[in-house]
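This is work_10.cif. It holds mmCIF, C-alpha atoms and all ligand atoms.
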```
data_start
#
loop_
_atom_site.label_atom_id
_atom_site.label_comp_id
_atom_site.auth_asym_id
_atom_site.auth_seq_id
_atom_site.Cartn_x
_atom_site.Cartn_y
_atom_site.Cartn_z
CA MET A 6 -57.17 15.06 -30.80
CA SER A 7 -57.68 18.80 -30.62
CA GLN A 8 -60.64 20.49 -29.02
CA ASP A 9 -61.62 21.71 -32.48
CA ASP A 10 -61.79 18.13 -33.70
CA ARG A 11 -64.03 17.32 -30.82
CA GLY A 12 -66.23 20.35 -31.34
CA SER A 13 -67.91 19.12 -34.51
CA GLY A 14 -71.52 18.41 -33.80
CA ARG A 15 -71.30 20.06 -30.41
CA SER A 16 -74.70 19.84 -28.81
CA SER A 17 -76.55 22.32 -26.66
CA SER A 18 -75.73 20.17 -23.67
CA THR A 19 -72.04 20.39 -24.52
CA ARG A 20 -72.38 24.13 -24.66
CA ARG A 21 -74.03 24.10 -21.25
CA ARG A 22 -71.13 22.12 -19.90
CA PHE A 23 -68.71 24.65 -21.32
CA LEU A 24 -70.71 27.49 -19.79
CA HIS A 25 -70.68 25.68 -16.48
CA CYS A 26 -66.91 25.47 -16.68
CA ALA A 27 -66.69 29.12 -17.73
CA SER A 28 -68.75 30.15 -14.73
CA LEU A 29 -66.44 28.22 -12.46
CA GLY A 30 -63.58 30.04 -14.14
CA THR A 31 -65.07 33.42 -13.30
CA LEU A 32 -65.25 32.28 -9.70
CA GLY A 33 -61.52 32.01 -9.75
CA ILE A 34 -61.27 28.23 -9.92
CA ALA A 35 -58.06 28.24 -11.85
CA GLY A 36 -57.91 24.65 -13.09
CA CYS A 37 -61.25 24.93 -14.81
CA THR A 38 -59.76 26.89 -17.65
CA GLU A 39 -57.80 23.77 -18.52
CA LEU A 40 -60.90 21.63 -18.84
CA ASP A 41 -61.82 20.29 -22.19
CA PRO A 42 -65.20 21.98 -22.80
CA ARG A 43 -66.53 18.63 -23.97
CA ARG A 44 -66.09 17.32 -20.45
CA PHE A 45 -69.32 16.09 -18.93
CA ASP A 46 -70.80 17.46 -15.76
CA PRO A 47 -73.67 15.23 -14.61
CA ARG A 48 -75.30 18.21 -12.91
CA ASP A 49 -75.80 19.90 -16.27
CA ARG A 50 -77.78 17.11 -17.86
CA GLY A 51 -80.76 18.41 -19.85
CA PRO A 52 -84.23 16.90 -20.21
CA ASP A 53 -83.38 15.48 -23.65
CA GLU A 54 -80.47 13.49 -22.31
CA PRO A 55 -80.40 9.96 -20.94
CA GLU A 56 -81.55 9.27 -17.42
CA SER A 57 -78.14 8.12 -16.43
CA ASP A 58 -74.62 8.55 -17.62
CA PHE A 59 -71.57 6.60 -16.64
CA SER A 60 -68.90 8.82 -18.16
CA THR A 61 -67.16 9.05 -14.77
CA LEU A 62 -67.18 5.28 -14.22
CA ILE A 63 -63.82 3.86 -13.21
CA ALA A 64 -62.55 0.51 -12.00
CA THR A 65 -60.24 0.36 -9.02
CA TRP A 66 -58.80 -1.93 -6.36
CA ARG A 67 -58.84 -0.63 -2.81
CA GLY A 68 -57.35 -3.37 -0.68
CA HIS A 69 -59.14 -6.62 -1.41
CA ASP A 70 -57.48 -9.38 -3.44
CA PRO A 71 -57.26 -8.08 -7.03
CA ALA A 72 -57.56 -11.66 -8.33
CA THR A 73 -61.11 -12.03 -7.04
CA THR A 74 -62.52 -8.52 -6.63
CA MET A 75 -63.20 -5.36 -8.59
CA THR A 76 -64.57 -2.03 -7.40
CA LEU A 77 -66.57 0.09 -9.83
CA GLN A 78 -67.56 3.64 -8.97
CA TRP A 79 -68.96 6.75 -10.61
CA LEU A 80 -70.53 10.12 -9.83
CA THR A 81 -74.11 11.26 -10.24
CA PRO A 82 -75.97 14.46 -9.34
CA GLU A 83 -77.23 14.32 -5.77
CA THR A 84 -80.80 14.75 -6.98
CA GLU A 85 -80.69 11.78 -9.34
CA LEU A 86 -79.85 8.15 -8.93
CA ASP A 87 -79.31 8.57 -5.23
CA GLU A 88 -80.96 5.19 -4.79
CA SER A 89 -78.71 2.17 -4.90
CA VAL A 90 -78.61 0.44 -8.28
CA SER A 91 -77.48 -3.03 -9.30
CA VAL A 92 -74.15 -3.78 -10.93
CA GLU A 93 -73.62 -7.09 -12.71
CA LEU A 94 -70.32 -8.53 -13.85
CA SER A 95 -70.73 -11.41 -16.30
CA PRO A 96 -67.96 -13.65 -17.58
CA GLU A 97 -67.74 -14.62 -21.24
CA ASP A 98 -69.71 -17.82 -20.69
CA ASP A 99 -72.36 -16.16 -18.47
CA THR A 100 -72.12 -19.04 -16.03
CA SER A 101 -71.30 -17.16 -12.87
CA THR A 102 -72.63 -13.63 -13.08
CA ARG A 103 -72.01 -11.64 -9.92
CA ARG A 104 -74.59 -9.01 -8.92
CA VAL A 105 -74.26 -6.42 -6.14
CA GLN A 106 -76.07 -3.22 -5.14
CA THR A 107 -74.13 0.03 -5.11
CA GLU A 108 -73.28 1.86 -1.93
CA VAL A 109 -74.13 5.56 -2.35
CA ALA A 110 -72.28 8.30 -0.50
CA GLN A 111 -72.10 12.05 -0.81
CA PHE A 112 -69.01 12.99 -2.80
CA GLY A 113 -66.97 14.86 -0.24
CA GLY A 114 -69.52 17.51 0.73
CA SER A 115 -70.38 18.42 -2.86
CA ASP A 116 -73.76 18.16 -4.60
CA LEU A 117 -72.63 14.92 -6.23
CA ASN A 118 -73.05 11.34 -5.12
CA ARG A 119 -70.56 8.54 -5.50
CA HIS A 120 -71.92 5.12 -6.43
CA ARG A 121 -69.70 2.19 -5.54
CA ALA A 122 -69.97 -1.52 -6.27
CA ASP A 123 -67.48 -3.77 -4.52
CA VAL A 124 -67.81 -7.00 -6.49
CA THR A 125 -66.30 -10.06 -4.82
CA ASP A 126 -65.93 -13.80 -5.50
CA LEU A 127 -64.79 -13.27 -9.08
CA ALA A 128 -62.61 -15.76 -10.94
CA PRO A 129 -58.88 -14.92 -11.25
CA ASP A 130 -57.50 -13.71 -14.57
CA ALA A 131 -61.00 -13.46 -16.01
CA ARG A 132 -62.75 -10.88 -18.13
CA TYR A 133 -66.23 -9.65 -17.21
CA ARG A 134 -68.81 -7.57 -19.05
CA ILE A 135 -70.48 -4.78 -17.05
CA ALA A 136 -74.21 -4.12 -16.70
CA ILE A 137 -75.64 -1.36 -14.51
CA ASP A 138 -79.30 -1.30 -13.55
CA GLY A 139 -79.95 -4.02 -16.11
CA ALA A 140 -78.34 -2.23 -19.07
CA GLU A 141 -75.09 -3.54 -20.51
CA LEU A 142 -72.35 -0.92 -20.86
CA GLU A 143 -69.59 -0.53 -23.43
CA GLY A 144 -67.06 -1.74 -20.97
CA ALA A 145 -65.37 -4.71 -19.37
CA VAL A 146 -62.97 -5.45 -16.53
CA ARG A 147 -60.35 -8.12 -15.93
CA THR A 148 -59.19 -9.57 -12.63
CA ALA A 149 -55.54 -10.15 -11.74
CA PRO A 150 -53.98 -13.61 -12.10
CA GLU A 151 -53.70 -15.92 -9.11
CA ASP A 152 -50.73 -17.81 -10.53
CA VAL A 153 -48.29 -15.56 -12.33
CA THR A 154 -46.81 -17.25 -15.40
CA GLU A 155 -46.64 -14.22 -17.71
CA PRO A 156 -45.03 -10.79 -17.14
CA ILE A 157 -47.18 -8.33 -15.21
CA THR A 158 -47.40 -5.00 -16.99
CA PHE A 159 -48.67 -1.85 -15.36
CA ALA A 160 -48.51 1.90 -16.03
CA GLU A 161 -47.04 4.24 -13.43
CA GLY A 162 -46.85 8.00 -13.02
CA GLY A 163 -48.20 10.90 -11.08
CA ASP A 164 -49.24 14.54 -11.27
CA VAL A 165 -51.95 14.13 -13.89
CA GLY A 166 -54.46 16.99 -13.83
CA THR A 167 -56.96 17.70 -16.59
CA SER A 168 -55.03 19.42 -19.37
CA SER A 169 -55.09 18.48 -23.05
CA ASP A 170 -51.78 16.67 -22.52
CA VAL A 171 -53.53 14.01 -20.45
CA PRO A 172 -55.50 12.10 -23.13
CA PRO A 173 -52.46 11.33 -25.34
CA LEU A 174 -50.51 10.10 -22.30
CA HIS A 175 -53.45 7.93 -21.27
CA GLU A 176 -53.61 6.54 -24.80
CA GLN A 177 -49.90 5.71 -24.64
CA ALA A 178 -50.43 3.81 -21.42
CA ALA A 179 -53.56 2.03 -22.62
CA VAL A 180 -51.76 0.64 -25.69
CA TRP A 181 -49.63 -1.46 -23.32
CA ASP A 182 -52.75 -3.34 -22.17
CA PRO A 183 -51.64 -2.85 -18.55
CA LEU A 184 -53.30 -4.95 -15.89
CA PHE A 185 -53.72 -1.73 -13.87
CA ALA A 186 -52.24 1.77 -13.52
CA VAL A 187 -50.78 3.48 -10.47
CA VAL A 188 -51.05 7.23 -9.97
CA GLY A 189 -48.71 8.35 -7.21
CA GLY A 190 -50.59 11.42 -6.09
CA ASP A 191 -51.81 14.75 -7.50
CA LEU A 192 -54.59 13.22 -9.57
CA ALA A 193 -57.27 15.85 -10.25
CA TYR A 194 -55.67 18.89 -8.58
CA ALA A 195 -58.93 19.53 -6.74
CA ASP A 196 -57.11 20.52 -3.53
CA GLY A 197 -60.00 19.09 -1.53
CA TRP A 198 -62.31 21.84 -2.79
CA HIS A 199 -63.06 21.64 -6.51
CA GLU A 200 -65.18 18.59 -7.31
CA GLY A 201 -65.48 19.70 -10.96
CA ARG A 202 -61.87 18.77 -11.52
CA TRP A 203 -62.60 15.24 -10.34
CA ILE A 204 -65.36 15.00 -12.94
CA ALA A 205 -62.90 15.95 -15.66
CA PHE A 206 -60.20 13.63 -14.29
CA LEU A 207 -62.54 10.64 -14.03
CA GLU A 208 -63.96 11.27 -17.50
CA HIS A 209 -60.48 11.33 -18.99
CA TRP A 210 -59.70 8.05 -17.22
CA ASN A 211 -62.96 6.48 -18.33
CA GLU A 212 -62.55 7.48 -21.96
CA TYR A 213 -58.83 7.07 -22.57
CA MET A 214 -57.57 4.54 -20.03
CA ARG A 215 -59.16 1.63 -21.82
CA SER A 216 -57.55 -1.34 -23.48
CA GLY A 217 -60.12 -2.04 -26.15
CA ASN A 218 -63.21 -1.54 -24.06
CA ARG A 219 -61.62 -2.85 -20.85
CA LEU A 220 -61.47 -0.31 -18.04
CA ILE A 221 -57.91 -0.19 -16.69
CA PRO A 222 -58.13 -0.15 -12.87
CA LEU A 223 -56.80 2.97 -11.20
CA VAL A 224 -54.69 2.36 -8.08
CA ALA A 225 -54.04 5.63 -6.26
CA ALA A 226 -51.65 7.07 -3.70
CA ILE A 227 -52.33 10.45 -2.12
CA GLY A 228 -50.54 13.71 -3.02
CA ASN A 229 -50.60 17.27 -1.74
CA HIS A 230 -53.19 18.37 -4.32
CA GLU A 231 -55.71 15.92 -2.89
CA VAL A 232 -55.64 17.81 0.41
CA ARG A 233 -56.81 21.19 1.67
CA GLY A 234 -53.51 22.49 2.95
CA GLY A 235 -51.35 19.96 1.11
CA GLN A 236 -49.29 18.47 3.91
CA GLY A 237 -49.56 17.87 7.63
CA GLU A 238 -53.36 17.54 7.52
CA THR A 239 -55.91 14.80 8.30
CA PRO A 240 -58.13 12.61 6.09
CA ASP A 241 -61.01 15.07 6.72
CA GLU A 242 -59.11 17.59 4.58
CA ALA A 243 -59.03 15.23 1.57
CA PRO A 244 -62.78 14.50 1.22
CA PHE A 245 -62.87 13.60 -2.49
CA PHE A 246 -59.82 11.34 -2.37
CA TYR A 247 -61.11 9.42 0.63
CA THR A 248 -64.61 9.08 -0.85
CA LEU A 249 -63.11 7.38 -3.91
CA PHE A 250 -60.05 5.61 -2.52
CA ASP A 251 -60.78 4.75 1.07
CA ASN A 252 -60.18 1.17 1.99
CA PRO A 253 -62.26 -1.37 3.84
CA HIS A 254 -59.40 -2.15 6.18
CA ARG A 255 -58.21 1.28 7.19
CA GLU A 256 -58.88 4.98 7.72
CA HIS A 257 -55.70 6.23 6.13
CA ALA A 258 -54.18 6.39 2.66
CA TYR A 259 -51.28 3.92 3.06
CA TRP A 260 -51.83 0.30 2.11
CA ALA A 261 -50.36 -2.59 0.12
CA LEU A 262 -51.50 -4.01 -3.20
CA ASP A 263 -50.53 -7.67 -3.48
CA VAL A 264 -50.73 -9.44 -6.84
CA ALA A 265 -50.51 -13.13 -6.00
CA ASP A 266 -47.26 -13.90 -4.12
CA GLU A 267 -45.32 -12.31 -6.96
CA LEU A 268 -45.65 -8.55 -6.66
CA SER A 269 -46.35 -6.19 -3.79
CA ILE A 270 -46.65 -2.42 -4.01
CA LEU A 271 -46.65 -0.36 -0.83
CA LEU A 272 -48.62 2.85 -1.41
CA LEU A 273 -47.60 5.43 1.18
CA ASP A 274 -48.70 8.86 2.40
CA SER A 275 -45.80 11.33 2.30
CA ASN A 276 -47.12 13.43 5.18
CA HIS A 277 -50.32 14.63 3.51
CA THR A 278 -52.96 13.12 5.80
CA THR A 279 -50.74 10.88 7.97
CA ALA A 280 -47.35 11.72 9.44
CA VAL A 281 -44.37 9.84 8.07
CA VAL A 282 -42.99 9.19 11.55
CA GLY A 283 -44.98 7.02 13.93
CA GLU A 284 -47.71 4.54 13.04
CA GLN A 285 -47.10 4.73 9.30
CA THR A 286 -43.39 3.94 9.56
CA ASP A 287 -44.21 1.10 11.98
CA TRP A 288 -46.66 -0.24 9.41
CA VAL A 289 -44.09 0.09 6.59
CA GLU A 290 -41.64 -2.07 8.54
CA ASP A 291 -44.26 -4.71 9.33
CA ALA A 292 -45.58 -4.71 5.75
CA LEU A 293 -42.10 -5.13 4.27
CA ALA A 294 -41.19 -7.85 6.79
CA GLU A 295 -44.29 -9.82 5.72
CA ARG A 296 -43.32 -9.61 2.05
CA THR A 297 -39.67 -10.61 1.92
CA ASP A 298 -40.50 -13.54 -0.39
CA ARG A 299 -41.94 -11.35 -3.17
CA LYS A 300 -40.13 -11.46 -6.47
CA HIS A 301 -40.94 -7.81 -7.05
CA LEU A 302 -41.27 -5.45 -4.08
CA LEU A 303 -42.09 -1.82 -4.89
CA ALA A 304 -43.01 1.38 -3.08
CA VAL A 305 -45.04 4.34 -4.34
CA TYR A 306 -45.36 7.72 -2.62
CA HIS A 307 -45.77 11.29 -3.74
CA VAL A 308 -42.95 13.49 -2.41
CA PRO A 309 -39.57 12.40 -3.80
CA ILE A 310 -36.84 11.50 -1.34
CA TYR A 311 -34.29 12.21 -4.10
CA PRO A 312 -35.82 15.12 -6.05
CA SER A 313 -34.81 16.15 -9.54
CA VAL A 314 -36.20 19.69 -9.31
CA ARG A 315 -36.89 21.03 -5.84
CA GLU A 316 -34.60 21.52 -2.86
CA ILE A 317 -33.03 18.41 -1.37
CA ASP A 318 -34.28 19.26 2.12
CA ASP A 319 -37.86 20.41 1.71
CA ARG A 320 -41.49 19.24 1.89
CA GLY A 321 -40.82 16.77 4.69
CA ARG A 322 -38.52 14.50 2.67
CA GLU A 323 -35.87 14.69 5.41
CA ALA A 324 -38.10 12.52 7.64
CA MET A 325 -38.74 10.09 4.76
CA ARG A 326 -35.00 9.88 4.16
CA GLN A 327 -34.33 9.24 7.83
CA HIS A 328 -37.15 6.77 8.54
CA TRP A 329 -38.09 5.08 5.27
CA VAL A 330 -34.78 4.76 3.40
CA PRO A 331 -33.25 2.37 6.00
CA LEU A 332 -36.34 0.16 5.67
CA LEU A 333 -36.35 0.23 1.86
CA ASP A 334 -32.66 -0.75 2.02
CA GLU A 335 -33.03 -3.43 4.69
CA TYR A 336 -35.93 -5.19 2.99
CA ASP A 337 -34.49 -4.98 -0.52
CA VAL A 338 -37.20 -2.91 -2.14
CA ASP A 339 -36.51 -3.00 -5.85
CA VAL A 340 -37.93 0.31 -7.04
CA ALA A 341 -39.42 3.32 -5.23
CA PHE A 342 -41.64 5.44 -7.46
CA GLU A 343 -41.58 9.17 -6.62
CA HIS A 344 -43.57 12.12 -7.99
CA ASP A 345 -44.46 15.75 -7.21
CA ASP A 346 -41.57 17.48 -9.03
CA HIS A 347 -43.13 17.32 -12.53
CA ALA A 348 -40.15 15.93 -14.43
CA TYR A 349 -38.56 12.59 -15.35
CA LYS A 350 -35.72 11.16 -13.29
CA ARG A 351 -33.96 7.87 -12.66
CA THR A 352 -31.42 7.60 -9.86
CA HIS A 353 -28.48 5.25 -9.57
CA ARG A 354 -29.12 2.31 -7.30
CA LEU A 355 -28.73 3.79 -3.83
CA ALA A 356 -28.31 2.58 -0.28
CA GLY A 357 -28.49 5.29 2.33
CA GLY A 358 -28.23 7.79 -0.50
CA GLU A 359 -24.92 6.42 -1.80
CA PRO A 360 -24.37 4.34 -4.96
CA ASP A 361 -24.65 0.66 -4.10
CA PRO A 362 -24.98 -2.34 -6.43
CA ASP A 363 -27.63 -3.82 -4.17
CA GLY A 364 -29.43 -0.55 -3.62
CA VAL A 365 -32.88 0.78 -4.38
CA LEU A 366 -33.73 2.45 -7.69
CA TYR A 367 -35.76 5.67 -7.33
CA LEU A 368 -37.87 6.45 -10.38
CA GLY A 369 -40.09 9.48 -11.02
CA ASP A 370 -40.77 12.40 -10.75
CA GLY A 371 -44.40 12.72 -11.81
CA ALA A 372 -45.38 14.47 -15.05
CA TRP A 373 -48.38 12.48 -16.36
CA GLY A 374 -49.93 15.67 -17.73
CA ARG A 375 -48.89 18.53 -15.47
CA GLY A 376 -46.44 20.98 -17.01
CA THR A 377 -42.81 20.14 -16.49
CA ARG A 378 -40.22 22.03 -14.50
CA ASP A 379 -36.51 22.52 -15.14
CA VAL A 380 -34.46 19.66 -13.70
CA HIS A 381 -31.09 19.54 -12.01
CA SER A 382 -28.53 17.59 -14.01
CA PRO A 383 -26.76 14.42 -12.84
CA ASP A 384 -23.65 16.61 -12.55
CA GLU A 385 -25.45 18.82 -10.08
CA ARG A 386 -27.01 15.99 -8.08
CA SER A 387 -24.84 12.91 -7.97
CA TYR A 388 -27.67 10.51 -7.10
CA LEU A 389 -29.29 11.17 -10.50
CA ALA A 390 -28.49 8.92 -13.44
CA VAL A 391 -31.03 10.53 -15.79
CA SER A 392 -33.08 13.72 -15.48
CA GLU A 393 -35.30 15.27 -18.16
CA SER A 394 -37.97 17.96 -18.16
CA GLU A 395 -40.37 15.69 -20.04
CA LEU A 396 -43.99 14.69 -19.73
CA HIS A 397 -44.18 10.92 -19.43
CA VAL A 398 -45.89 7.79 -18.23
CA ILE A 399 -43.83 4.73 -17.31
CA ARG A 400 -44.43 1.20 -18.60
CA VAL A 401 -43.35 -1.36 -16.02
CA ALA A 402 -43.08 -5.04 -17.02
CA LEU A 403 -42.16 -7.52 -14.28
CA SER A 404 -41.32 -11.07 -15.31
CA PRO A 405 -41.69 -14.27 -13.30
CA ASP A 406 -37.96 -14.88 -13.89
CA GLY A 407 -37.18 -11.72 -11.89
CA SER A 408 -36.29 -9.44 -14.80
CA ARG A 409 -37.84 -6.00 -15.07
CA GLN A 410 -38.25 -3.71 -18.04
CA PHE A 411 -39.05 -0.01 -17.82
CA ARG A 412 -39.94 2.48 -20.53
CA ALA A 413 -40.91 6.12 -20.02
CA VAL A 414 -42.90 7.50 -22.95
CA GLY A 415 -44.16 11.01 -23.73
CA PRO A 416 -47.40 12.16 -25.35
CA ASP A 417 -45.95 12.09 -28.87
CA GLU A 418 -44.82 8.47 -28.50
CA ASN A 419 -41.35 9.87 -27.82
CA ARG A 420 -39.26 7.58 -25.66
CA VAL A 421 -37.94 9.50 -22.66
CA ASP A 422 -35.99 6.60 -21.16
CA GLN A 423 -35.73 2.85 -21.39
CA PHE A 424 -33.77 0.36 -19.36
CA ASP A 425 -33.77 -3.22 -18.16
CA TYR A 426 -33.19 -3.88 -14.52
CA GLU A 427 -31.95 -7.33 -13.64
CA SER A 428 -31.21 -8.51 -10.14
CA ALA A 429 -27.49 -8.69 -10.92
CA HIS A 430 -24.58 -7.38 -8.86
CA GLY A 431 -21.35 -5.61 -9.74
CA SER A 432 -20.84 -1.97 -10.60
CA PRO A 433 -22.94 0.80 -9.00
CA ASP A 434 -25.42 0.57 -11.85
CA SER A 435 -25.20 -3.18 -12.26
CA GLY A 436 -28.28 -4.74 -13.66
CA LEU A 437 -29.24 -1.52 -15.40
CA GLU A 438 -28.94 -1.83 -19.11
CA ASN A 439 -29.47 1.47 -20.86
CA LEU A 440 -31.20 0.96 -24.14
CA PRO A 441 -30.91 3.42 -27.02
CA ALA A 442 -33.58 6.09 -27.23
CA ASP A 443 -35.67 6.40 -30.38
FE FE B 1 -47.99 17.82 -8.74
FE FE B 2 -47.42 17.38 -5.59
#
```
Conversion result in structure tokens:
Amino acid sequence: MSQDDRGSGRSSSTRRRFLHCASLGTLGIAGCTELDPRRFDPRDRGPDEPESDFSTLIATWRGHDPATTMTLQWLTPETELDESVSVELSPEDDTSTRRVQTEVAQFGGSDLNRHRADVTDLAPDARYRIAIDGAELEGAVRTAPEDVTEPITFAEGGDVGTSSDVPPLHEQAAVWDPLFAVVGGDLAYADGWHEGRWIAFLEHWNEYMRSGNRLIPLVAAIGNHEVRGGQGETPDEAPFFYTLFDNPHREHAYWALDVADELSILLLDSNHTTAVVGEQTDWVEDALAERTDRKHLLAVYHVPIYPSVREIDDRGREAMRQHWVPLLDEYDVDVAFEHDDHAYKRTHRLAGGEPDPDGVLYLGDGAWGRGTRDVHSPDERSYLAVSESELHVIRVALSPDGSRQFRAVGPDENRVDQFDYESAHGSPDSGLENLPAD
């Protein structure tokens, strides 16, 4: 949908929002010029507009069991709705409505507040309607299954931003009815400073990452554009990210999402607010050792160990190669999702960087909206099987029988790549069945 399409019936409040963005632009906040002028800024709400607005509302999981919990959060102006409000999740039969009060926190030093409802004791694999402060919303959530009998589908990518390329990619992902979506860093490109970009990012997610009216939970890893300084910093330098995606069990950005005993995803911090070497690597080894029985064991982090665009030794990936690759190999991680280079790539299965039929597949490289860069070819970098300068989001389907299907799709429904990945052995690419592109 073009901005012109959206402009019909533009209200005075919409114009105010645009002017707000324009003023940010004159202050030199570069990303603002990308914002859809229809984007909502809760600080610009006029007297004729509703008391509250939930256009930034998202669902997420932050570390509790996804089968029985759901976190809902949204932004409000600091001067309004700074009192806790009630959030109710009601199942179809209304028999066991869960009601909690929101926790309100300042949104990373800005003049916005973040409301958060951590709803617990939900039923597995169940759909819930959402009501906030007694008013039912156009929205629903669904918990993860406790017993996995059907394939688990999720969307994966990174490097999103707020450009007009984002909504069509979100719509592609939402069509798959994914249980959740993983963004492997560089979400709003706020760099720890520009809260307005988070408003635009969250509004895109709220509006377009819906399956029907179900909010698709956002599971996030940290990237350099979440952090003032990018790499080698502390959580204090990523105030917006940590206000939205902190975790009840930790004060860092690395953690594990476990879906039943079937699937585990380790979300790691590639030296943005925690060093690769040291406590994080120790945790990676312990976390992998505890999950050797998973049918599907995945890792997600921002900086690619095997980049398709940038230099092979750069951005701290040497330490990741030295300390993480042996662990990914030893514990038979199936796929490591990488980002940051703004392109599409699929490696051969690799062990210690060399082709190996039992090796790890590295998939990336993050272009869920951000403009693409020129890639190196597989001839230039022998670890690459496929490399394309294409915007994309990846559909991942993991079956209880151990099979895995992957499809990378662009904003025009163009198929960038598609392959099946069985747990077979043989040639260097064994188990990878390349399927014809559209
Ligand atoms: Fe990026
Ligand atoms: Fe990045």
Contact table chain A vs ligand FE 2 (chain B), cut-off 8 Å, shortest pair per residue, all atoms listed in the file, as CSV:
```
residue,atom,partner,partner_atom,distance
A:Asp164,CA,B:FE2,FE,6.6
A:Gly190,CA,B:FE2,FE,6.8
A:Asp191,CA,B:FE2,FE,5.5
A:Gly228,CA,B:FE2,FE,5.5
A:Asn229,CA,B:FE2,FE,5.0
A:His230,CA,B:FE2,FE,6.0
A:His307,CA,B:FE2,FE,6.6
A:Val308,CA,B:FE2,FE,6.7
A:His344,CA,B:FE2,FE,6.9
A:Asp345,CA,B:FE2,FE,3.7
A:Asp346,CA,B:FE2,FE,6.8
```
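Closest to ligand FE 1 (chain B) among A:Ala372, A:Ala122, A:Val232, A:Val401 is A:Ala372, based on all atoms listed in the file.
Considering all atoms listed in the file, the residue among A:Glu231, A:Asp339, A:Asp152, A:Asp361 positioned nearest to ligand FE 1 (chain B) is A:Glu231.
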Which residue is closest to ligand FE 1 (chain B)? Choose from A:Met325, A:Ala390, A:Ala195, A:Leu272 and count all atoms listed in the file.
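Ranked by minimum distance to ligand FE 1 (chain B), first place goes to A:Ala195.
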Select from segment 62-113 of chain A every residue with an atom at most 9 Å from any atom of segment 143-150 of chain A, then for each give the shortest pair of atoms and their distance in Å to one decimal, using all atoms listed in the file, rows by chain and rising number, as a tab-separated table.
```
residue	atom	partner	partner_atom	distance
A:Ala64	CA	A:Val146	CA	7.5
A:Asp70	CA	A:Ala149	CA	8.6
A:Pro71	CA	A:Ala149	CA	5.4
A:Ala72	CA	A:Ala149	CA	4.2
A:Thr73	CA	A:Thr148	CA	6.4
A:Thr74	CA	A:Thr148	CA	6.9
A:Met75	CA	A:Thr148	CA	7.1
A:Leu94	CA	A:Ala145	CA	8.3
```
Exercise: segment 170-187 of chain A partners within 8 Å, only C-alpha atoms, chain neighbours under 2 positions left out, as a PyMOL selection string:
chain A and resi 147+149+157-163+165-168+189+209-210+213-216+221-226+373-375+397-400+414-418
I need the residues from that last selection saved to file as a PDB file, in the coordinates of the input (with C-alpha atoms), if you can.
```pdb
ATOM      1  CA  ARG A 147     -60.350  -8.120 -15.930  1.00  0.00           C
ATOM      2  CA  ALA A 149     -55.540 -10.150 -11.740  1.00  0.00           C
ATOM      3  CA  ILE A 157     -47.180  -8.330 -15.210  1.00  0.00           C
ATOM      4  CA  THR A 158     -47.400  -5.000 -16.990  1.00  0.00           C
ATOM      5  CA  PHE A 159     -48.670  -1.850 -15.360  1.00  0.00           C
ATOM      6  CA  ALA A 160     -48.510   1.900 -16.030  1.00  0.00           C
ATOM      7  CA  GLU A 161     -47.040   4.240 -13.430  1.00  0.00           C
ATOM      8  CA  GLY A 162     -46.850   8.000 -13.020  1.00  0.00           C
ATOM      9  CA  GLY A 163     -48.200  10.900 -11.080  1.00  0.00           C
ATOM     10  CA  VAL A 165     -51.950  14.130 -13.890  1.00  0.00           C
ATOM     11  CA  GLY A 166     -54.460  16.990 -13.830  1.00  0.00           C
ATOM     12  CA  THR A 167     -56.960  17.700 -16.590  1.00  0.00           C
ATOM     13  CA  SER A 168     -55.030  19.420 -19.370  1.00  0.00           C
ATOM     14  CA  GLY A 189     -48.710   8.350  -7.210  1.00  0.00           C
ATOM     15  CA  HIS A 209     -60.480  11.330 -18.990  1.00  0.00           C
ATOM     16  CA  TRP A 210     -59.700   8.050 -17.220  1.00  0.00           C
ATOM     17  CA  TYR A 213     -58.830   7.070 -22.570  1.00  0.00           C
ATOM     18  CA  MET A 214     -57.570   4.540 -20.030  1.00  0.00           C
ATOM     19  CA  ARG A 215     -59.160   1.630 -21.820  1.00  0.00           C
ATOM     20  CA  SER A 216     -57.550  -1.340 -23.480  1.00  0.00           C
ATOM     21  CA  ILE A 221     -57.910  -0.190 -16.690  1.00  0.00           C
ATOM     22  CA  PRO A 222     -58.130  -0.150 -12.870  1.00  0.00           C
ATOM     23  CA  LEU A 223     -56.800   2.970 -11.200  1.00  0.00           C
ATOM     24  CA  VAL A 224     -54.690   2.360  -8.080  1.00  0.00           C
ATOM     25  CA  ALA A 225     -54.040   5.630  -6.260  1.00  0.00           C
ATOM     26  CA  ALA A 226     -51.650   7.070  -3.700  1.00  0.00           C
ATOM     27  CA  TRP A 373     -48.380  12.480 -16.360  1.00  0.00           C
ATOM     28  CA  GLY A 374     -49.930  15.670 -17.730  1.00  0.00           C
ATOM     29  CA  ARG A 375     -48.890  18.530 -15.470  1.00  0.00           C
ATOM     30  CA  HIS A 397     -44.180  10.920 -19.430  1.00  0.00           C
ATOM     31  CA  VAL A 398     -45.890   7.790 -18.230  1.00  0.00           C
ATOM     32  CA  ILE A 399     -43.830   4.730 -17.310  1.00  0.00           C
ATOM     33  CA  ARG A 400     -44.430   1.200 -18.600  1.00  0.00           C
ATOM     34  CA  VAL A 414     -42.900   7.500 -22.950  1.00  0.00           C
ATOM     35  CA  GLY A 415     -44.160  11.010 -23.730  1.00  0.00           C
ATOM     36  CA  PRO A 416     -47.400  12.160 -25.350  1.00  0.00           C
ATOM     37  CA  ASP A 417     -45.950  12.090 -28.870  1.00  0.00           C
ATOM     38  CA  GLU A 418     -44.820   8.470 -28.500  1.00  0.00           C
TER      39      GLU A 418
END
```
